[in-house]
>>> print(open('start.pdb').read())   # PDB, C-alpha atoms (C1' of nucleotides)
ATOM      1  CA  MET A   1      92.644 140.922 150.441
ATOM      2  CA  SER A   2      91.501 140.638 153.927
ATOM      3  CA  THR A   3      93.813 143.355 154.981
ATOM      4  CA  PRO A   4      93.615 146.049 152.335
ATOM      5  CA  THR A   5      95.155 148.417 154.787
ATOM      6  CA  ALA A   6      97.356 151.003 153.220
ATOM      7  CA  ARG A   7     100.354 150.045 155.310
ATOM      8  CA  ASP A   8     101.056 146.402 154.641
ATOM      9  CA  GLU A   9     104.190 146.868 156.651
ATOM     10  CA  ARG A  10     104.428 148.473 160.064
ATOM     11  CA  ASP A  11     104.932 152.034 158.969
ATOM     12  CA  TYR A  12     106.019 154.104 156.043
ATOM     13  CA  TYR A  13     109.528 153.938 157.368
ATOM     14  CA  GLU A  14     110.125 150.394 156.165
ATOM     15  CA  ARG A  15     109.124 151.356 152.643
ATOM     16  CA  ILE A  16     111.087 154.535 152.683
ATOM     17  CA  PHE A  17     114.193 152.698 153.803
ATOM     18  CA  ARG A  18     113.701 150.203 151.008
ATOM     19  CA  VAL A  19     113.447 152.859 148.320
ATOM     20  CA  CYS A  20     116.306 154.754 149.868
ATOM     21  CA  GLU A  21     118.541 151.733 149.530
ATOM     22  CA  GLU A  22     117.788 151.660 145.819
ATOM     23  CA  VAL A  23     119.558 154.930 145.230
ATOM     24  CA  PRO A  24     122.818 154.072 143.441
ATOM     25  CA  ARG A  25     126.140 155.345 144.651
ATOM     26  CA  GLY A  26     127.114 158.710 143.237
ATOM     27  CA  GLN A  27     123.514 159.769 142.854
ATOM     28  CA  VAL A  28     121.057 161.542 145.081
ATOM     29  CA  SER A  29     117.309 161.815 145.456
ATOM     30  CA  THR A  30     114.933 164.198 147.148
ATOM     31  CA  TYR A  31     112.479 163.620 149.968
ATOM     32  CA  GLY A  32     109.632 164.401 147.610
ATOM     33  CA  ASP A  33     110.774 161.837 145.093
ATOM     34  CA  ILE A  34     111.047 159.132 147.707
ATOM     35  CA  ALA A  35     107.614 160.030 148.974
ATOM     36  CA  THR A  36     106.250 159.871 145.446
ATOM     37  CA  ILE A  37     107.750 156.449 144.882
ATOM     38  CA  VAL A  38     106.389 155.163 148.162
ATOM     39  CA  GLY A  39     103.089 156.780 147.303
ATOM     40  CA  ASP A  40     100.109 155.757 149.352
ATOM     41  CA  GLY A  41      99.784 159.223 150.787
ATOM     42  CA  CYS A  42     103.389 159.349 151.784
ATOM     43  CA  ASP A  43     104.733 162.852 152.122
ATOM     44  CA  ALA A  44     108.155 164.417 151.890
ATOM     45  CA  ARG A  45     108.038 165.216 155.561
ATOM     46  CA  ILE A  46     107.381 161.609 156.434
ATOM     47  CA  VAL A  47     110.509 160.685 154.561
ATOM     48  CA  GLY A  48     112.412 163.159 156.657
ATOM     49  CA  HIS A  49     111.029 161.581 159.812
ATOM     50  CA  ALA A  50     112.057 158.171 158.543
ATOM     51  CA  MET A  51     115.582 159.379 157.966
ATOM     52  CA  ALA A  52     115.632 160.771 161.458
ATOM     53  CA  ALA A  53     114.470 157.414 162.743
ATOM     54  CA  LEU A  54     116.941 155.393 160.747
ATOM     55  CA  GLY A  55     118.735 154.210 163.843
ATOM     56  CA  ALA A  56     120.712 151.055 163.120
ATOM     57  CA  ARG A  57     119.536 151.151 159.521
ATOM     58  CA  ALA A  58     121.802 154.086 158.892
ATOM     59  CA  ALA A  59     124.537 151.515 158.334
ATOM     60  CA  THR A  60     122.724 149.955 155.398
ATOM     61  CA  CYS A  61     120.558 152.833 154.251
ATOM     62  CA  PRO A  62     122.279 155.539 152.164
ATOM     63  CA  TRP A  63     120.428 158.305 153.944
ATOM     64  CA  GLN A  64     123.115 160.713 152.853
ATOM     65  CA  ARG A  65     121.789 160.427 149.306
ATOM     66  CA  ILE A  66     118.489 161.917 150.349
ATOM     67  CA  ILE A  67     118.405 165.681 150.169
ATOM     68  CA  ASN A  68     115.752 168.352 149.929
ATOM     69  CA  ARG A  69     114.344 169.642 146.667
ATOM     70  CA  THR A  70     116.638 172.649 146.730
ATOM     71  CA  GLY A  71     119.582 170.297 146.444
ATOM     72  CA  GLY A  72     120.884 171.494 149.782
ATOM     73  CA  ILE A  73     121.836 169.530 152.848
ATOM     74  CA  SER A  74     119.243 169.853 155.548
ATOM     75  CA  THR A  75     121.370 168.005 158.010
ATOM     76  CA  SER A  76     124.261 169.528 159.808
ATOM     77  CA  GLY A  77     126.838 167.690 161.817
ATOM     78  CA  HIS A  78     126.214 164.361 160.174
ATOM     79  CA  GLY A  79     128.792 164.854 157.454
ATOM     80  CA  GLN A  80     126.221 164.235 154.771
ATOM     81  CA  LYS A  81     127.839 166.496 152.235
ATOM     82  CA  GLU A  82     131.195 164.981 153.052
ATOM     83  CA  ARG A  83     129.897 161.497 152.344
ATOM     84  CA  LEU A  84     128.348 162.512 149.053
ATOM     85  CA  GLU A  85     131.556 164.107 147.886
ATOM     86  CA  GLU A  86     133.300 160.882 148.720
ATOM     87  CA  GLU A  87     130.885 159.062 146.439
ATOM     88  CA  GLY A  88     131.648 161.369 143.586
ATOM     89  CA  VAL A  89     128.714 163.721 143.943
ATOM     90  CA  GLY A  90     129.557 167.224 142.849
ATOM     91  CA  PHE A  91     128.526 170.416 144.582
ATOM     92  CA  ASP A  92     128.380 173.956 143.372
ATOM     93  CA  GLU A  93     129.911 176.988 145.020
ATOM     94  CA  LYS A  94     126.792 177.397 147.089
ATOM     95  CA  GLY A  95     127.070 173.942 148.535
ATOM     96  CA  HIS A  96     124.155 172.642 146.526
ATOM     97  CA  VAL A  97     124.218 169.270 144.833
ATOM     98  CA  LEU A  98     124.290 169.331 141.056
ATOM     99  CA  MET A  99     120.799 167.927 140.781
ATOM    100  CA  SER A 100     120.828 168.100 137.006
ATOM    101  CA  VAL A 101     123.772 165.695 137.078
ATOM    102  CA  HIS A 102     123.336 163.464 140.101
ATOM    103  CA  GLN A 103     119.600 163.424 140.615
ATOM    104  CA  TRP A 104     118.310 159.874 140.648
ATOM    105  CA  ALA A 105     115.738 159.168 137.958
ATOM    106  CA  GLY A 106     113.973 156.761 140.284
ATOM    107  CA  PRO A 107     113.743 152.957 140.268
ATOM    108  CA  THR A 108     112.631 150.997 137.270
ATOM    109  CA  GLU A 109     108.931 150.627 136.807
ATOM    110  CA  GLU A 110     109.452 146.904 137.105
ATOM    111  CA  TRP A 111     111.103 147.245 140.486
ATOM    112  CA  ALA A 112     108.507 149.695 141.678
ATOM    113  CA  ARG A 113     105.583 147.489 140.686
ATOM    114  CA  ALA A 114     107.267 144.433 142.130
ATOM    115  CA  ARG A 115     107.413 146.215 145.464
ATOM    116  CA  GLY A 116     104.001 147.763 145.227
ATOM    117  CA  PHE A 117     105.435 151.213 144.816
ATOM    118  CA  HIS A 118     104.875 153.801 142.126
ATOM    119  CA  PRO A 119     107.333 154.949 139.413
ATOM    120  CA  LEU A 120     108.618 158.465 139.388
ATOM    121  CA  PRO A 121     106.547 160.891 137.309
ATOM    122  CA  PRO A 122     108.057 162.634 134.303
ATOM    123  CA  LYS A 123     109.890 165.585 135.718
ATOM    124  CA  THR A 124     110.296 168.688 133.644
ATOM    125  CA  PRO A 125     113.970 169.019 132.772
ATOM    126  CA  GLN A 126     114.274 172.665 133.530
ATOM    127  CA  GLY A 127     117.557 174.445 133.094
ATOM    128  CA  GLY A 128     120.584 172.203 132.686
ATOM    129  CA  ALA A 129     120.261 170.829 129.202
ATOM    130  CA  SER A 130     117.384 172.794 127.829
ATOM    131  CA  THR A 131     118.703 172.234 124.338
ATOM    132  CA  GLN A 132     115.994 169.769 123.548
ATOM    133  CA  LEU A 133     113.297 172.103 124.643
ATOM    134  CA  SER A 134     111.200 172.270 121.551
ATOM    135  CA  LEU A 135     107.953 171.583 123.104
ATOM    136  CA  PHE A 136     105.918 173.792 121.084
TER
ATOM    137  C1'  DG B   1      92.579 161.847 171.939
ATOM    138  C1'  DT B   2      94.994 166.360 171.583
ATOM    139  C1'  DG B   3      98.808 169.282 170.843
ATOM    140  C1'  DA B   4     103.459 169.994 169.427
ATOM    141  C1'  DT B   5     107.280 168.835 166.517
ATOM    142  C1'  DG B   6     109.761 168.195 162.257
ATOM    143  C1'  DA B   7     116.458 165.749 157.986
ATOM    144  C1'  DC B   8     109.902 169.179 153.504
ATOM    145  C1'  DG B   9     107.137 170.871 149.202
ATOM    146  C1'  DA B  10     104.851 174.206 146.471
ATOM    147  C1'  DT B  11     103.619 178.740 145.484
ATOM    148  C1'  DA B  12     104.073 183.758 145.699
ATOM    149  C1'  DT B  13     106.939 187.786 145.919
TER
ATOM    150  C1'  DT C   1     117.915 182.248 143.582
ATOM    151  C1'  DA C   2     116.426 183.381 148.186
ATOM    152  C1'  DT C   3     112.905 184.383 151.523
ATOM    153  C1'  DA C   4     108.287 184.138 153.467
ATOM    154  C1'  DT C   5     103.942 181.745 154.150
ATOM    155  C1'  DC C   6     100.945 177.890 154.100
ATOM    156  C1'  DG C   7      99.886 173.100 153.821
ATOM    157  C1'  DC C   8     100.221 168.128 154.661
ATOM    158  C1'  DC C   9     100.922 164.188 157.591
ATOM    159  C1'  DA C  10     103.113 160.635 160.686
ATOM    160  C1'  DT C  11     105.222 160.182 165.259
ATOM    161  C1'  DC C  12     105.941 161.396 170.100
ATOM    162  C1'  DA C  13     104.861 163.269 174.877
TER
END
>>> encode(input="start.pdb", output="structure tokens")
Amino acid sequence: MSTPTARDERDYYERIFRVCEEVPRGQVSTYGDIATIVGDGCDARIVGHAMAALGARAATCPWQRIINRTGGISTSGHGQKERLEEEGVGFDEKGHVLMSVHQWAGPTEEWARARGFHPLPPKTPQGGASTQLSLF
DNA sequence: GTGATGACGATAT
DNA sequence: TATATCGCCATCA
């Protein structure tokens, strides 16, 4: 194409918002995962900047479902945890989201390709249900 | 164009 | 698991 520029849209923000809106209710995703789906050099930090720049999109973008890799809420004063609990997301005694239960597995490969994004890589299911760990 | 900032990630301890 | 350190990159002043 004449414009093979990485950012077909204005910025990464538009993509990030789009992926963010794909997170189903009752589930959460991490900045790194969103960045991976967006790909194209996107980074977890960029996702954080996008969330901070949501603006009017905050009404249509489930930003509250985006948390850091530790499963903790990086925001404070925005009632993020409160909103997640209202969606059915469970937290542990430490205030961390039960990632092994509510972590979003990412969009379908079909959806990702249709949008020009990348599917989520196979994550190692550590802890949680390690019953099927028989890998060698 | 440069420097500073930031809703982070990964690794090491 | 928590803390400390480094890296990586877009956006803003």
>>> residues_around(input="start.pdb", residues="A:Thr108", least_positions_apart="3", cutoff="9 Å", atoms="all atoms listed in the file", output="ChimeraX atom specification")
/A:105,111-113,119-120
>>> resolve_selection(input="start.pdb", expression="the PyMOL selection byres ((chain C) within 10 of (chain A))", output="PyMOL selection string")
chain C and resi 8-11
>>> interface_residues(input="start.pdb", of="chain B", to="chain A", cutoff="9 Å", atoms="only C-alpha atoms (C1' of nucleotides)", output="list in words")
DG6, DA7, DC8 and DG9 of chain B
>>> write_last_selection(input="start.pdb", atoms="C-alpha atoms (C1' of nucleotides)", output="mmCIF file, in the coordinates of the input")
data_model
loop_
_atom_site.group_PDB
_atom_site.id
_atom_site.type_symbol
_atom_site.label_atom_id
_atom_site.label_comp_id
_atom_site.auth_asym_id
_atom_site.auth_seq_id
_atom_site.Cartn_x
_atom_site.Cartn_y
_atom_site.Cartn_z
ATOM 1 C "C1'" DG B 6 109.761 168.195 162.257
ATOM 2 C "C1'" DA B 7 116.458 165.749 157.986
ATOM 3 C "C1'" DC B 8 109.902 169.179 153.504
ATOM 4 C "C1'" DG B 9 107.137 170.871 149.202
#
>>> atom_distance(input="start.pdb", atom1="atom CA of A:Leu84", atom2="atom CA of A:Arg18")
19.2 Å
>>> axis_aligned_box(input="start.pdb", around="stretch 1-5 of chain B", padding_each_side="6 Å", output="JSON")
{"center_x": 99.9, "center_y": 165.9, "center_z": 169.2, "size_x": 26.7, "size_y": 20.1, "size_z": 17.4}
>>> decode(input="start.pdb", residues="chain B", atoms="N, CA and C atoms (P, O5', C5', C4', C3', O3' and C1' of nucleotides)", output="PDB file, in the first residue's frame")
ATOM      1  P    DG B   1      13.484  16.922  14.062  1.00  0.00           P
ATOM      2  O5'  DG B   1      14.061  17.439  15.475  1.00  0.00           O
ATOM      3  C5'  DG B   1      15.177  18.338  15.419  1.00  0.00           C
ATOM      4  C4'  DG B   1      15.726  18.529  16.829  1.00  0.00           C
ATOM      5  C3'  DG B   1      15.968  17.225  17.577  1.00  0.00           C
ATOM      6  O3'  DG B   1      17.146  17.327  18.377  1.00  0.00           O
ATOM      7  C1'  DG B   1      14.353  18.520  18.737  1.00  0.00           C
ATOM      8  P    DT B   2      17.582  16.096  19.275  1.00  0.00           P
ATOM      9  O5'  DT B   2      17.166  16.573  20.747  1.00  0.00           O
ATOM     10  C5'  DT B   2      17.605  17.846  21.201  1.00  0.00           C
ATOM     11  C4'  DT B   2      17.222  18.037  22.657  1.00  0.00           C
ATOM     12  C3'  DT B   2      17.445  16.788  23.525  1.00  0.00           C
ATOM     13  O3'  DT B   2      18.076  17.148  24.740  1.00  0.00           O
ATOM     14  C1'  DT B   2      15.187  17.527  23.702  1.00  0.00           C
ATOM     15  P    DG B   3      18.434  16.020  25.828  1.00  0.00           P
ATOM     16  O5'  DG B   3      17.268  16.249  26.901  1.00  0.00           O
ATOM     17  C5'  DG B   3      17.060  17.561  27.424  1.00  0.00           C
ATOM     18  C4'  DG B   3      15.913  17.555  28.420  1.00  0.00           C
ATOM     19  C3'  DG B   3      15.981  16.403  29.422  1.00  0.00           C
ATOM     20  O3'  DG B   3      15.682  16.885  30.723  1.00  0.00           O
ATOM     21  C1'  DG B   3      13.918  16.345  28.243  1.00  0.00           C
ATOM     22  P    DA B   4      15.588  15.861  31.971  1.00  0.00           P
ATOM     23  O5'  DA B   4      14.005  15.719  32.155  1.00  0.00           O
ATOM     24  C5'  DA B   4      13.210  16.894  32.244  1.00  0.00           C
ATOM     25  C4'  DA B   4      11.757  16.529  32.517  1.00  0.00           C
ATOM     26  C3'  DA B   4      11.599  15.420  33.557  1.00  0.00           C
ATOM     27  O3'  DA B   4      10.516  15.723  34.434  1.00  0.00           O
ATOM     28  C1'  DA B   4      10.591  14.774  31.499  1.00  0.00           C
ATOM     29  P    DT B   5      10.149  14.734  35.588  1.00  0.00           P
ATOM     30  O5'  DT B   5       8.876  13.995  34.965  1.00  0.00           O
ATOM     31  C5'  DT B   5       7.820  14.786  34.434  1.00  0.00           C
ATOM     32  C4'  DT B   5       6.689  13.892  33.925  1.00  0.00           C
ATOM     33  C3'  DT B   5       6.387  12.711  34.850  1.00  0.00           C
ATOM     34  O3'  DT B   5       4.992  12.684  35.142  1.00  0.00           O
ATOM     35  C1'  DT B   5       6.668  11.985  32.614  1.00  0.00           C
ATOM     36  P    DG B   6       4.521  11.799  36.370  1.00  0.00           P
ATOM     37  O5'  DG B   6       3.898  10.542  35.595  1.00  0.00           O
ATOM     38  C5'  DG B   6       2.827  10.723  34.690  1.00  0.00           C
ATOM     39  C4'  DG B   6       2.540   9.412  33.952  1.00  0.00           C
ATOM     40  C3'  DG B   6       2.465   8.206  34.893  1.00  0.00           C
ATOM     41  O3'  DG B   6       1.303   7.414  34.611  1.00  0.00           O
ATOM     42  C1'  DG B   6       4.024   7.809  33.155  1.00  0.00           C
ATOM     43  P    DA B   7       0.115   7.764  35.579  1.00  0.00           P
ATOM     44  O5'  DA B   7      -0.691   6.383  35.548  1.00  0.00           O
ATOM     45  C5'  DA B   7      -0.584   5.488  36.635  1.00  0.00           C
ATOM     46  C4'  DA B   7      -1.213   4.176  36.261  1.00  0.00           C
ATOM     47  C3'  DA B   7      -0.713   3.592  34.944  1.00  0.00           C
ATOM     48  O3'  DA B   7      -0.505   2.199  35.103  1.00  0.00           O
ATOM     49  C1'  DA B   7      -3.046   3.797  34.882  1.00  0.00           C
ATOM     50  P    DC B   8       0.766   1.663  35.785  1.00  0.00           P
ATOM     51  O5'  DC B   8       1.501   0.893  34.586  1.00  0.00           O
ATOM     52  C5'  DC B   8       0.771   0.348  33.517  1.00  0.00           C
ATOM     53  C4'  DC B   8       1.604  -0.708  32.786  1.00  0.00           C
ATOM     54  C3'  DC B   8       1.859  -1.968  33.614  1.00  0.00           C
ATOM     55  O3'  DC B   8       1.760  -3.118  32.772  1.00  0.00           O
ATOM     56  C1'  DC B   8       3.906  -0.998  33.006  1.00  0.00           C
ATOM     57  P    DG B   9       2.025  -4.545  33.329  1.00  0.00           P
ATOM     58  O5'  DG B   9       3.459  -4.886  32.692  1.00  0.00           O
ATOM     59  C5'  DG B   9       3.639  -4.753  31.275  1.00  0.00           C
ATOM     60  C4'  DG B   9       4.859  -5.545  30.832  1.00  0.00           C
ATOM     61  C3'  DG B   9       4.996  -6.882  31.567  1.00  0.00           C
ATOM     62  O3'  DG B   9       5.469  -7.884  30.664  1.00  0.00           O
ATOM     63  C1'  DG B   9       6.820  -5.443  32.130  1.00  0.00           C
ATOM     64  P    DA B  10       5.676  -9.362  31.152  1.00  0.00           P
ATOM     65  O5'  DA B  10       7.256  -9.430  31.450  1.00  0.00           O
ATOM     66  C5'  DA B  10       8.168  -9.031  30.438  1.00  0.00           C
ATOM     67  C4'  DA B  10       9.601  -9.186  30.924  1.00  0.00           C
ATOM     68  C3'  DA B  10       9.806 -10.473  31.730  1.00  0.00           C
ATOM     69  O3'  DA B  10      10.964 -11.155  31.274  1.00  0.00           O
ATOM     70  C1'  DA B  10      10.471  -8.558  33.011  1.00  0.00           C
ATOM     71  P    DT B  11      11.362 -12.540  31.960  1.00  0.00           P
ATOM     72  O5'  DT B  11      12.596 -12.119  32.891  1.00  0.00           O
ATOM     73  C5'  DT B  11      13.582 -11.236  32.376  1.00  0.00           C
ATOM     74  C4'  DT B  11      14.539 -10.808  33.475  1.00  0.00           C
ATOM     75  C3'  DT B  11      14.961 -11.952  34.407  1.00  0.00           C
ATOM     76  O3'  DT B  11      16.370 -11.979  34.539  1.00  0.00           O
ATOM     77  C1'  DT B  11      14.147 -10.119  35.675  1.00  0.00           C
ATOM     78  P    DA B  12      17.069 -13.096  35.417  1.00  0.00           P
ATOM     79  O5'  DA B  12      17.390 -12.304  36.771  1.00  0.00           O
ATOM     80  C5'  DA B  12      18.102 -11.071  36.709  1.00  0.00           C
ATOM     81  C4'  DA B  12      18.401 -10.560  38.114  1.00  0.00           C
ATOM     82  C3'  DA B  12      18.834 -11.654  39.098  1.00  0.00           C
ATOM     83  O3'  DA B  12      19.878 -11.193  39.940  1.00  0.00           O
ATOM     84  C1'  DA B  12      16.874 -10.582  39.891  1.00  0.00           C
ATOM     85  P    DT B  13      20.513 -12.208  41.012  1.00  0.00           P
ATOM     86  O5'  DT B  13      19.825 -11.766  42.388  1.00  0.00           O
ATOM     87  C5'  DT B  13      19.915 -10.413  42.790  1.00  0.00           C
ATOM     88  C4'  DT B  13      19.184 -10.204  44.100  1.00  0.00           C
ATOM     89  C3'  DT B  13      19.413 -11.326  45.111  1.00  0.00           C
ATOM     90  O3'  DT B  13      19.717 -10.788  46.390  1.00  0.00           O
ATOM     91  C1'  DT B  13      17.097 -10.945  44.821  1.00  0.00           C
TER      92       DT B  13
END
